[in-house]
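Worksheet for the structure shown next.
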Amino acid sequence: MEFTAQQIAALIGGTIEGNPLETVNTLSKIEEAKPGSLTFLANPKYASWLPLTKASIIIVSNDIVTHQSISTLIKVKDAREAFSILLEAYQKLQFNKTGIEEGARVAKTAKIGKDTYVGSFSYVGDNVIIGSNVRIFPGVYLGDNSKVGDNSMIYPGVKIYHESVIGKNCTIHSGVVIGGDGFGFVPNTENNYRKMPQVGNVIIEDNVEIGSNCTIDRATIGSTILRKGVKLDNLIQIGHNVEIGENTVIVSQTGIAGSTRIGRDCLIGGQVGIIGHLKIGDRVKIAAQSGVSSDLKDDEIVQGSPAFAHFNYKKSYVLFKTLPELLKRIHDLESKIEDRATKQIS
Amino acid sequence: MEFTAQQIAALIGGTIEGNPLETVNTLSKIEEAKPGSLTFLANPKYASWLPLTKASIIIVSNDIVTHQSISTLIKVKDAREAFSILLEAYQKLQFNKTGIEEGARVAKTAKIGKDTYVGSFSYVGDNVIIGSNVRIFPGVYLGDNSKVGDNSMIYPGVKIYHESVIGKNCTIHSGVVIGGDGFGFVPNTENNYRKMPQVGNVIIEDNVEIGSNCTIDRATIGSTILRKGVKLDNLIQIGHNVEIGENTVIVSQTGIAGSTRIGRDCLIGGQVGIIGHLKIGDRVKIAAQSGVSSDLKDDEIVQGSPAFAHFNYKKSYVLFKTLPELLKRIHDLESKIEDRATKQIS
Amino acid sequence: MEFTAQQIAALIGGTIEGNPLETVNTLSKIEEAKPGSLTFLANPKYASWLPLTKASIIIVSNDIVTHQSISTLIKVKDAREAFSILLEAYQKLQFNKTGIEEGARVAKTAKIGKDTYVGSFSYVGDNVIIGSNVRIFPGVYLGDNSKVGDNSMIYPGVKIYHESVIGKNCTIHSGVVIGGDGFGFVPNTENNYRKMPQVGNVIIEDNVEIGSNCTIDRATIGSTILRKGVKLDNLIQIGHNVEIGENTVIVSQTGIAGSTRIGRDCLIGGQVGIIGHLKIGDRVKIAAQSGVSSDLKDDEIVQGSPAFAHFNYKKSYVLFKTLPELLKRIHDLESKIEDRATKQIS
């Protein structure tokens, strides 16, 4: 598809400097752009590329000095946001299937909203309710009594167990499993384990994004809950009865054990482990690969396994690296003391 | 569905105190229960909830003092176990499909037992043998010559490669991959890798539970084996030719490299890594996020990366946290020694 | 299937010592072999098994002394390689389906090469191009405009998003997700996150193997790239815009964050985390469970979280274990100094 500077400026509310009929047919980074490319410039650090880039059109933030540019410019308040709006519009143009595709299997008792797409080999169970403008890609499983809100995207091969509730404007990537059994076993007299049935569910609120191959276990009783705006990267484990507060962001391969409650606006790094039954406050930051084994108050920043104050971890770790030198200093002190003791005796 | 105290007491062999015709239609925790809820009380710590809870019926262990209760009680020996039995019965009521669902694909040479369900879009390969009362949910793949024992549950989207053997009463959650190739490559003369074909299989014995998105690789030659009663949480990696002993429990995101043998009744925490070709004894406990790089004897408890005795790790870690203070003490000692040396010279 | 020593020797170019009509019908390790087994002996360490093994036929490297053997031998230059060639041939015999299996869904605009297999419930989108002799197992998703090169194997349930490019001779195991959105969000004024659309793609070059349930995110703009011969174990996370150099090997559960570039011939252990926007050189080795947070030069070997020189990590960790003893030595020094000070005063 080809677009003119004029069409783009209209879409993002920008002002053109250069040729309004200049056309582009691809997207590039400013440093890699070829003729026919659209790019953007929001960070003044990259302004030196302006006279060098071969991009045909550049979306530029108003506060960037542009007199050196030879490309057609579209000036906006925030170039990054404008570019992002543009890409979204472009993505919507690319995918516009609706209706139930041949080969899908939808229970008679299921209800499906307007302009919704259900791909081939998707299985929609009894009493499932799917909103409007939802995209269920091929090979998705929606268990009995589950719900998906308006405008959500469920990518190929997502498995959503019975009774799960997914909000509006959610994006759930391939391979995600929602509502698998929590890990609950009770040792019995014969020294093996009796399974604790898991009869709760999972609730995902609006505007949540869940990366590929994450696993979100159903509650034993009650609900495992991801609040509005939570963002999960890939391969993350969320245990049964966990609750994660609004707009908390978690990086890939982190695991959160059963019944832990996490506050809002937290930033949790990759490969973090958090044990069960904890209370983590709001706006907490946890460094990558940390292991959290006790409650954390609002605004704490922690690192380590087990984790403690981030700043103190850094100080201790610097000294960990110099332990051989510290050992030598202790050894020297011992020699001096010994030496002096010997002298005094002699 | 609605149940009376009478019906429930009959099912779990309990004695009613209160109204035998009291009804419930949902399950709750004692502290969150509303009228119409069934709950249980096994831990005396929660007994103070007895006069406060709004639950209509409570299953209570015999040894709990109940005179303050206003709800209908059902008294049993072990309330937790009784509740668990009840939930299991309830789950079975909820799901009772049998037969081969429309859209499934079953090879002519496959054998399928009595009262077994095979969901839509499931693929059952040549010479597959499935027992009785098995539930194969939609979108499952069973490769040629694989077997699934009686009463096992295979959740949607599980992929079981050819020759794999699954025992009786197993539960395998969505996204699990059983029998993928082991990670075996031999460097060749051109400095790249030649794949070592993986012609062994995977054997899962009876009563094993495997959490969502785990990966269990097939053996190079021979078998990767999970013994009776093993319980795996989600996102766990089991390498080729690994053997895991009876009733060993492993928490999520742990990885076990090729050819390692793990004993019975072990407890392995989350995000643990165990290198290949080790022998781990029986009843070993490994703390979360540990890295195990040497054999462990029966009953060892370890922590750290690399892991050593748990108790010693804790002591060292306490001192790691105070390294800045230790540094100061060394520095003070150096000053004092220096100071005294100067005095003696002067 | 049954094979004679003669047939096997012809296939691998070996010389028979013993009965050319000896037959085998299974493969075993030398220490576990029963009559009817084929095994191999490449490592002199196992030569003591020669008079003990019950294997009917043994493939042996020329340099091994074999006079004690009672089995039929096939002598070759490199027994391990010969065995591997044999296994490959055997695997090809086992699986020889071609064509589009009933129940698959292939877009009219897709192009499929000669002798290629597309299994049931696989979904091949618009303009997809699949080469010759490719095996697409059941339940695979190939998004619009994606490509798969000749001789590649795509195991059941792999999800490949639109625009992804897979090379020749690649093996992609079940549950892998290729081309999911990168994890890119921009905080906005209402303190929540606006998604950065991800419009790049993923490029997998030739001879790449990707283990079960790995996730490879598409680039924001441009491409996430795995170069020729890269080998990934299971459950690995590759972020958006990452590039991994030729023949680099990565062990399971490792995660690499966005825009990091990794050189060729690297060996990266299991459960490693590498933060975003780094440059890792060629032939770098990273120990398991390390956390890499800064650039690494060619040939560096690192360990720790954060990682530093492997050899120094080992030295520091030895001292970490002895911290309680170091504390005691500091304490003793303090006592002696104190003691002496007291003496001098008195």
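In the structure tokens, each chain is lettered A, B, ... as it comes, each chain's residues begin at 1, and ligands are numbered from 1 in order of appearance.
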For chain C against chain B, which residues fall within 6 Å using only C-alpha atoms, given as a short mmCIF file (atom, residue, chain, number, x, y, z; two decimals) with all heavy atoms, in the first residue's frame?
data_model
loop_
_atom_site.label_atom_id
_atom_site.label_comp_id
_atom_site.auth_asym_id
_atom_site.auth_seq_id
_atom_site.Cartn_x
_atom_site.Cartn_y
_atom_site.Cartn_z
N SER C 84 24.65 -41.74 14.12
CA SER C 84 23.78 -40.60 13.91
C SER C 84 23.21 -40.60 12.48
O SER C 84 22.02 -40.35 12.26
CB SER C 84 24.58 -39.34 14.22
OG SER C 84 23.99 -38.23 13.66
N LEU C 87 20.55 -43.26 12.33
CA LEU C 87 19.30 -42.88 13.00
C LEU C 87 18.49 -41.93 12.13
O LEU C 87 17.26 -42.03 12.06
CB LEU C 87 19.60 -42.21 14.34
CG LEU C 87 20.25 -43.07 15.41
CD1 LEU C 87 20.32 -42.32 16.73
CD2 LEU C 87 19.49 -44.37 15.60
N ASN C 247 25.53 -20.15 14.41
CA ASN C 247 25.96 -21.29 15.23
C ASN C 247 26.03 -21.02 16.73
O ASN C 247 26.69 -21.76 17.46
CB ASN C 247 27.33 -21.81 14.75
CG ASN C 247 27.24 -22.37 13.35
OD1 ASN C 247 26.19 -22.87 12.95
ND2 ASN C 247 28.30 -22.26 12.59
N LYS C 321 31.06 -18.39 50.41
CA LYS C 321 30.73 -19.56 51.23
C LYS C 321 31.42 -19.50 52.59
O LYS C 321 30.94 -20.08 53.56
CB LYS C 321 31.17 -20.83 50.53
CG LYS C 321 30.33 -21.24 49.34
CD LYS C 321 30.84 -22.57 48.83
CE LYS C 321 30.07 -23.11 47.67
NZ LYS C 321 30.58 -24.45 47.27
N LEU C 323 32.19 -16.73 54.28
CA LEU C 323 32.01 -15.43 54.95
C LEU C 323 31.91 -15.56 56.47
O LEU C 323 32.50 -14.75 57.20
CB LEU C 323 30.78 -14.70 54.40
CG LEU C 323 31.01 -13.89 53.10
CD1 LEU C 323 29.70 -13.28 52.62
CD2 LEU C 323 32.06 -12.80 53.31
#
Who sits within 7 Å of range 149-151 of chain B, only C-alpha atoms, same chain under 3 positions skipped, as number ranges by chain:
B: 130-134, 166-169
For the residues in the current selection, export N, CA and C atoms as a compact mmCIF listing (two decimals), in the first residue's frame.
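Contents of selection_18.txt, as written:
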# COMPACT_ATOMS: atom_id res chain seq x y z
N ILE B 130 -5.72 -45.57 23.55
CA ILE B 130 -6.27 -44.71 24.61
C ILE B 130 -7.17 -45.56 25.48
N GLY B 131 -7.01 -45.47 26.81
CA GLY B 131 -7.76 -46.29 27.74
C GLY B 131 -9.22 -45.86 27.88
N SER B 132 -9.84 -46.33 28.97
CA SER B 132 -11.25 -46.03 29.24
C SER B 132 -11.37 -44.79 30.10
N ASN B 133 -12.49 -44.09 29.91
CA ASN B 133 -12.81 -42.95 30.75
C ASN B 133 -11.74 -41.85 30.68
N VAL B 134 -11.10 -41.76 29.53
CA VAL B 134 -10.08 -40.73 29.30
C VAL B 134 -10.77 -39.51 28.69
N ILE B 166 1.73 -42.46 28.40
CA ILE B 166 1.14 -41.73 29.53
C ILE B 166 0.36 -42.74 30.35
N GLY B 167 0.54 -42.72 31.69
CA GLY B 167 -0.08 -43.70 32.56
C GLY B 167 -1.55 -43.43 32.85
N LYS B 168 -2.04 -44.09 33.92
CA LYS B 168 -3.43 -43.92 34.36
C LYS B 168 -3.55 -42.73 35.31
N ASN B 169 -4.74 -42.13 35.35
CA ASN B 169 -5.03 -41.05 36.30
C ASN B 169 -4.06 -39.88 36.21
If we count only C-alpha atoms, what is near range 34-48 of chain A at a cut-off of 12 Å, once residues fewer than 6 positions away on the same chain are taken out, given as a PDB file with N, CA and C atoms, in the first residue's frame?
ATOM      1  N   MET A   1       0.837  -1.199   0.000  1.00  0.00           N
ATOM      2  CA  MET A   1       0.000   0.000   0.000  1.00  0.00           C
ATOM      3  C   MET A   1       0.873   1.251   0.000  1.00  0.00           C
ATOM      4  N   GLU A   2       0.413   2.252  -0.703  1.00  0.00           N
ATOM      5  CA  GLU A   2       1.172   3.488  -0.810  1.00  0.00           C
ATOM      6  C   GLU A   2       0.367   4.628  -0.203  1.00  0.00           C
ATOM      7  N   PHE A   3       1.044   5.525   0.524  1.00  0.00           N
ATOM      8  CA  PHE A   3       0.370   6.668   1.135  1.00  0.00           C
ATOM      9  C   PHE A   3       1.130   7.950   0.795  1.00  0.00           C
ATOM     10  N   THR A   4       0.400   9.080   0.668  1.00  0.00           N
ATOM     11  CA  THR A   4       1.066  10.368   0.436  1.00  0.00           C
ATOM     12  C   THR A   4       1.265  11.100   1.767  1.00  0.00           C
ATOM     13  N   ALA A   5       2.162  12.095   1.759  1.00  0.00           N
ATOM     14  CA  ALA A   5       2.400  12.925   2.945  1.00  0.00           C
ATOM     15  C   ALA A   5       1.083  13.564   3.387  1.00  0.00           C
ATOM     16  N   ILE A   8      -1.128  11.087   5.281  1.00  0.00           N
ATOM     17  CA  ILE A   8      -0.568  10.813   6.613  1.00  0.00           C
ATOM     18  C   ILE A   8      -0.780  11.999   7.536  1.00  0.00           C
ATOM     19  N   GLU A  22       4.596  13.579  -1.925  1.00  0.00           N
ATOM     20  CA  GLU A  22       5.628  12.565  -1.695  1.00  0.00           C
ATOM     21  C   GLU A  22       4.951  11.286  -1.201  1.00  0.00           C
ATOM     22  N   THR A  23       5.399  10.093  -1.698  1.00  0.00           N
ATOM     23  CA  THR A  23       4.737   8.843  -1.285  1.00  0.00           C
ATOM     24  C   THR A  23       5.707   7.903  -0.554  1.00  0.00           C
ATOM     25  N   VAL A  24       5.139   7.078   0.281  1.00  0.00           N
ATOM     26  CA  VAL A  24       5.919   6.039   0.990  1.00  0.00           C
ATOM     27  C   VAL A  24       5.156   4.709   0.909  1.00  0.00           C
ATOM     28  N   ASN A  25       5.920   3.609   0.964  1.00  0.00           N
ATOM     29  CA  ASN A  25       5.279   2.282   0.937  1.00  0.00           C
ATOM     30  C   ASN A  25       5.852   1.329   1.987  1.00  0.00           C
ATOM     31  N   THR A  26       6.750   1.856   2.840  1.00  0.00           N
ATOM     32  CA  THR A  26       7.288   0.993   3.902  1.00  0.00           C
ATOM     33  C   THR A  26       7.706   1.840   5.101  1.00  0.00           C
ATOM     34  N   LEU A  27       8.005   1.154   6.213  1.00  0.00           N
ATOM     35  CA  LEU A  27       8.392   1.810   7.466  1.00  0.00           C
ATOM     36  C   LEU A  27       9.822   1.447   7.799  1.00  0.00           C
ATOM     37  N   SER A  28      10.609   2.390   8.288  1.00  0.00           N
ATOM     38  CA  SER A  28      11.995   2.077   8.629  1.00  0.00           C
ATOM     39  C   SER A  28      12.438   2.882   9.835  1.00  0.00           C
ATOM     40  N   LYS A  54      17.804   8.536   4.026  1.00  0.00           N
ATOM     41  CA  LYS A  54      17.195   8.501   2.692  1.00  0.00           C
ATOM     42  C   LYS A  54      15.681   8.357   2.770  1.00  0.00           C
ATOM     43  N   ALA A  55      15.115   8.464   3.994  1.00  0.00           N
ATOM     44  CA  ALA A  55      13.661   8.361   4.153  1.00  0.00           C
ATOM     45  C   ALA A  55      12.964   9.425   3.309  1.00  0.00           C
ATOM     46  N   SER A  56      11.860   9.087   2.678  1.00  0.00           N
ATOM     47  CA  SER A  56      11.112  10.055   1.873  1.00  0.00           C
ATOM     48  C   SER A  56      10.299  11.001   2.755  1.00  0.00           C
ATOM     49  N   ILE A  57       9.731  10.459   3.814  1.00  0.00           N
ATOM     50  CA  ILE A  57       8.937  11.288   4.732  1.00  0.00           C
ATOM     51  C   ILE A  57       9.375  11.004   6.169  1.00  0.00           C
ATOM     52  N   ILE A  58       9.517  12.079   6.948  1.00  0.00           N
ATOM     53  CA  ILE A  58       9.846  11.923   8.372  1.00  0.00           C
ATOM     54  C   ILE A  58       8.798  12.642   9.218  1.00  0.00           C
ATOM     55  N   ILE A  59       8.245  11.919  10.199  1.00  0.00           N
ATOM     56  CA  ILE A  59       7.369  12.563  11.190  1.00  0.00           C
ATOM     57  C   ILE A  59       8.275  13.097  12.292  1.00  0.00           C
ATOM     58  N   VAL A  60       8.208  14.415  12.561  1.00  0.00           N
ATOM     59  CA  VAL A  60       9.159  15.052  13.487  1.00  0.00           C
ATOM     60  C   VAL A  60       8.411  15.774  14.604  1.00  0.00           C
ATOM     61  N   SER A  61       8.940  15.680  15.812  1.00  0.00           N
ATOM     62  CA  SER A  61       8.374  16.448  16.919  1.00  0.00           C
ATOM     63  C   SER A  61       8.699  17.933  16.710  1.00  0.00           C
ATOM     64  N   ASN A  62       7.749  18.800  17.061  1.00  0.00           N
ATOM     65  CA  ASN A  62       7.878  20.250  16.848  1.00  0.00           C
ATOM     66  C   ASN A  62       9.165  20.853  17.394  1.00  0.00           C
ATOM     67  N   ASP A  63       9.661  20.303  18.510  1.00  0.00           N
ATOM     68  CA  ASP A  63      10.799  20.945  19.168  1.00  0.00           C
ATOM     69  C   ASP A  63      12.149  20.545  18.574  1.00  0.00           C
ATOM     70  N   ILE A  64      12.157  19.823  17.491  1.00  0.00           N
ATOM     71  CA  ILE A  64      13.435  19.416  16.894  1.00  0.00           C
ATOM     72  C   ILE A  64      13.809  20.369  15.763  1.00  0.00           C
ATOM     73  N   VAL A  65      15.064  20.790  15.746  1.00  0.00           N
ATOM     74  CA  VAL A  65      15.565  21.725  14.724  1.00  0.00           C
ATOM     75  C   VAL A  65      15.764  20.940  13.425  1.00  0.00           C
ATOM     76  N   THR A  66      15.125  21.392  12.358  1.00  0.00           N
ATOM     77  CA  THR A  66      15.050  20.546  11.164  1.00  0.00           C
ATOM     78  C   THR A  66      15.620  21.205   9.908  1.00  0.00           C
ATOM     79  N   HIS A  67      16.293  22.361  10.046  1.00  0.00           N
ATOM     80  CA  HIS A  67      16.685  23.075   8.814  1.00  0.00           C
ATOM     81  C   HIS A  67      17.630  22.257   7.929  1.00  0.00           C
ATOM     82  N   GLN A  68      18.301  21.235   8.480  1.00  0.00           N
ATOM     83  CA  GLN A  68      19.243  20.455   7.679  1.00  0.00           C
ATOM     84  C   GLN A  68      18.574  19.360   6.842  1.00  0.00           C
ATOM     85  N   SER A  69      17.263  19.141   7.063  1.00  0.00           N
ATOM     86  CA  SER A  69      16.616  17.985   6.440  1.00  0.00           C
ATOM     87  C   SER A  69      16.381  18.191   4.949  1.00  0.00           C
ATOM     88  N   ILE A  70      16.523  17.124   4.179  1.00  0.00           N
ATOM     89  CA  ILE A  70      16.184  17.173   2.755  1.00  0.00           C
ATOM     90  C   ILE A  70      14.932  16.343   2.451  1.00  0.00           C
ATOM     91  N   SER A  71      14.433  15.594   3.455  1.00  0.00           N
ATOM     92  CA  SER A  71      13.220  14.795   3.269  1.00  0.00           C
ATOM     93  C   SER A  71      11.988  15.677   3.464  1.00  0.00           C
ATOM     94  N   THR A  72      10.829  15.181   3.027  1.00  0.00           N
ATOM     95  CA  THR A  72       9.567  15.843   3.366  1.00  0.00           C
ATOM     96  C   THR A  72       9.268  15.567   4.840  1.00  0.00           C
ATOM     97  N   LEU A  73       8.896  16.621   5.573  1.00  0.00           N
ATOM     98  CA  LEU A  73       8.641  16.478   7.011  1.00  0.00           C
ATOM     99  C   LEU A  73       7.152  16.633   7.316  1.00  0.00           C
ATOM    100  N   ILE A  74       6.702  15.923   8.344  1.00  0.00           N
ATOM    101  CA  ILE A  74       5.362  16.180   8.894  1.00  0.00           C
ATOM    102  C   ILE A  74       5.566  16.496  10.365  1.00  0.00           C
ATOM    103  N   LYS A  75       5.267  17.752  10.743  1.00  0.00           N
ATOM    104  CA  LYS A  75       5.546  18.183  12.113  1.00  0.00           C
ATOM    105  C   LYS A  75       4.337  17.976  13.018  1.00  0.00           C
ATOM    106  N   VAL A  76       4.598  17.398  14.174  1.00  0.00           N
ATOM    107  CA  VAL A  76       3.533  17.128  15.144  1.00  0.00           C
ATOM    108  C   VAL A  76       4.064  17.431  16.541  1.00  0.00           C
ATOM    109  N   LYS A  77       3.180  17.380  17.526  1.00  0.00           N
ATOM    110  CA  LYS A  77       3.600  17.664  18.905  1.00  0.00           C
ATOM    111  C   LYS A  77       4.531  16.559  19.413  1.00  0.00           C
ATOM    112  N   ASP A  78       4.084  15.296  19.249  1.00  0.00           N
ATOM    113  CA  ASP A  78       4.861  14.173  19.770  1.00  0.00           C
ATOM    114  C   ASP A  78       5.001  13.129  18.655  1.00  0.00           C
ATOM    115  N   ALA A  79       6.187  13.082  18.036  1.00  0.00           N
ATOM    116  CA  ALA A  79       6.371  12.248  16.836  1.00  0.00           C
ATOM    117  C   ALA A  79       6.201  10.764  17.146  1.00  0.00           C
ATOM    118  N   ARG A  80       6.651  10.350  18.351  1.00  0.00           N
ATOM    119  CA  ARG A  80       6.544   8.927  18.694  1.00  0.00           C
ATOM    120  C   ARG A  80       5.075   8.498  18.794  1.00  0.00           C
ATOM    121  N   GLU A  81       4.280   9.328  19.458  1.00  0.00           N
ATOM    122  CA  GLU A  81       2.871   8.993  19.612  1.00  0.00           C
ATOM    123  C   GLU A  81       2.154   9.020  18.256  1.00  0.00           C
ATOM    124  N   ALA A  82       2.490  10.026  17.428  1.00  0.00           N
ATOM    125  CA  ALA A  82       1.858  10.132  16.111  1.00  0.00           C
ATOM    126  C   ALA A  82       2.183   8.901  15.260  1.00  0.00           C
ATOM    127  N   PHE A  83       3.441   8.473  15.328  1.00  0.00           N
ATOM    128  CA  PHE A  83       3.875   7.294  14.569  1.00  0.00           C
ATOM    129  C   PHE A  83       3.107   6.058  15.026  1.00  0.00           C
ATOM    130  N   SER A  84       2.956   5.971  16.344  1.00  0.00           N
ATOM    131  CA  SER A  84       2.253   4.846  16.934  1.00  0.00           C
ATOM    132  C   SER A  84       0.782   4.812  16.497  1.00  0.00           C
ATOM    133  N   LEU A  86      -0.371   6.028  13.771  1.00  0.00           N
ATOM    134  CA  LEU A  86      -0.332   5.678  12.350  1.00  0.00           C
ATOM    135  C   LEU A  86      -0.211   4.171  12.161  1.00  0.00           C
ATOM    136  N   LEU A  87       0.691   3.570  12.939  1.00  0.00           N
ATOM    137  CA  LEU A  87       0.914   2.133  12.812  1.00  0.00           C
ATOM    138  C   LEU A  87      -0.335   1.350  13.176  1.00  0.00           C
TER     139      LEU A  87
ATOM    140  N   ILE C 221      10.162  -2.380  14.344  1.00  0.00           N
ATOM    141  CA  ILE C 221      10.360  -2.081  12.924  1.00  0.00           C
ATOM    142  C   ILE C 221      11.604  -2.857  12.542  1.00  0.00           C
ATOM    143  N   GLY C 222      11.691  -3.340  11.318  1.00  0.00           N
ATOM    144  CA  GLY C 222      12.840  -4.150  10.907  1.00  0.00           C
ATOM    145  C   GLY C 222      12.601  -5.611  11.246  1.00  0.00           C
TER     146      GLY C 222
END
Give the strand (DSSP E) residues of range 77-321 of chain B, as assigned by DSSP on the backbone, as a ChimeraX atom specification.
/B:99-100,105-106,111-112,117-118,123-124,129-130,135-136,141-142,147-148,153-154,159-160,165-166,171-172,177-180,185-187,193-195,201-204,209-210,215-217,223-226,231-232,237-238,243-244,249-250,255-256,261-262,267-268,273-274,279-280,285-286,291-292,301-304,307-309
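For the residues B:Val302, B:Ala287, B:Val249, B:Ile30, ranking by smallest atom-to-atom distance to Val208 in chain B using only C-alpha atoms places B:Val249 first.
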Per DSSP on the backbone, what are the helix (DSSP H, G or I) residues of range 86-162 of chain A, as a count of residues only?
9
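Separating CA of Leu296 in chain A from CA of His277 in chain A is a distance of 12.0 Å.
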Distance query range 266-269 of chain C at most 9 Å, only C-alpha atoms, self and fewer than 6 positions along chain excluded, as a ChimeraX atom specification:
/C:245-252,254,280-290,299
Export, as a compact mmCIF listing (two decimals), in the first residue's frame, the selected residues with N, CA, C and O atoms.
# COMPACT_ATOMS: atom_id res chain seq x y z
N GLY C 245 23.92 -14.46 16.31
CA GLY C 245 24.88 -14.80 15.26
C GLY C 245 24.95 -16.29 14.97
O GLY C 245 24.47 -17.13 15.74
N GLU C 246 25.62 -16.63 13.86
CA GLU C 246 25.70 -18.00 13.34
C GLU C 246 26.18 -19.00 14.40
O GLU C 246 27.15 -18.75 15.11
N ASN C 247 25.53 -20.15 14.41
CA ASN C 247 25.96 -21.29 15.23
C ASN C 247 26.03 -21.02 16.73
O ASN C 247 26.69 -21.76 17.46
N THR C 248 25.38 -19.99 17.18
CA THR C 248 25.31 -19.77 18.63
C THR C 248 24.30 -20.74 19.24
O THR C 248 23.24 -20.98 18.66
N VAL C 249 24.66 -21.30 20.40
CA VAL C 249 23.84 -22.31 21.07
C VAL C 249 23.34 -21.75 22.40
O VAL C 249 24.13 -21.20 23.17
N ILE C 250 22.06 -21.87 22.65
CA ILE C 250 21.46 -21.32 23.88
C ILE C 250 20.68 -22.41 24.60
O ILE C 250 19.82 -23.07 23.99
N VAL C 251 20.97 -22.60 25.89
CA VAL C 251 20.32 -23.65 26.68
C VAL C 251 18.99 -23.12 27.25
O VAL C 251 18.75 -21.91 27.28
N SER C 252 18.17 -24.03 27.73
CA SER C 252 16.76 -23.73 27.99
C SER C 252 16.51 -22.64 29.03
O SER C 252 17.29 -22.41 29.92
N THR C 254 16.50 -19.47 28.94
CA THR C 254 17.22 -18.21 28.87
C THR C 254 16.33 -17.16 28.21
O THR C 254 15.49 -17.48 27.37
N ILE C 280 26.91 -8.31 22.40
CA ILE C 280 27.68 -9.45 22.91
C ILE C 280 28.55 -9.95 21.76
O ILE C 280 28.03 -10.19 20.66
N GLY C 281 29.85 -10.12 22.00
CA GLY C 281 30.79 -10.48 20.93
C GLY C 281 30.66 -11.92 20.46
O GLY C 281 29.73 -12.64 20.82
N ASP C 282 31.65 -12.36 19.66
CA ASP C 282 31.68 -13.73 19.15
C ASP C 282 32.31 -14.66 20.19
O ASP C 282 33.14 -14.24 20.99
N ARG C 283 31.96 -15.93 20.11
CA ARG C 283 32.56 -16.98 20.96
C ARG C 283 32.48 -16.66 22.46
O ARG C 283 33.29 -17.15 23.26
N VAL C 284 31.54 -15.86 22.85
CA VAL C 284 31.35 -15.55 24.27
C VAL C 284 30.70 -16.76 24.96
O VAL C 284 29.88 -17.45 24.36
N LYS C 285 31.11 -17.03 26.21
CA LYS C 285 30.45 -18.08 27.00
C LYS C 285 29.84 -17.47 28.25
O LYS C 285 30.49 -16.72 28.97
N ILE C 286 28.59 -17.80 28.51
CA ILE C 286 27.88 -17.25 29.66
C ILE C 286 27.37 -18.41 30.51
O ILE C 286 26.63 -19.26 30.02
N ALA C 287 27.79 -18.45 31.78
CA ALA C 287 27.40 -19.55 32.67
C ALA C 287 25.90 -19.51 32.97
O ALA C 287 25.29 -18.44 32.98
N ALA C 288 25.35 -20.67 33.25
CA ALA C 288 23.92 -20.79 33.57
C ALA C 288 23.53 -19.83 34.69
O ALA C 288 24.31 -19.55 35.59
N GLN C 289 22.30 -19.31 34.63
CA GLN C 289 21.70 -18.45 35.66
C GLN C 289 22.37 -17.08 35.79
O GLN C 289 22.07 -16.33 36.72
N SER C 290 23.27 -16.74 34.87
CA SER C 290 23.89 -15.42 34.94
C SER C 290 22.91 -14.36 34.45
O SER C 290 21.97 -14.64 33.72
N ASP C 299 35.11 -13.60 22.97
CA ASP C 299 35.81 -14.61 23.79
C ASP C 299 35.70 -14.42 25.29
O ASP C 299 36.35 -15.14 26.05
Report, in Å with one decimal, the straight-line distance from CA of Ile112 in chain B to CA of Ile172 in chain C.
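Distance reported for this atom pair: 29.8 Å.
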Report, in Å with one decimal, the straight-line distance from CA of Ile100 in chain C to CA of Val148 in chain C.
15.5 Å
Find the residues near Asn207 in chain B: any atom within 9 Å, counting only C-alpha atoms, skip ones fewer than 4 places away on the same chain, and give them as a list in words.
Ser152, Gly167, Lys168, Asn169, Cys170, Thr171, Arg227, Lys228, Gly229, Val230 and Lys231 of chain B
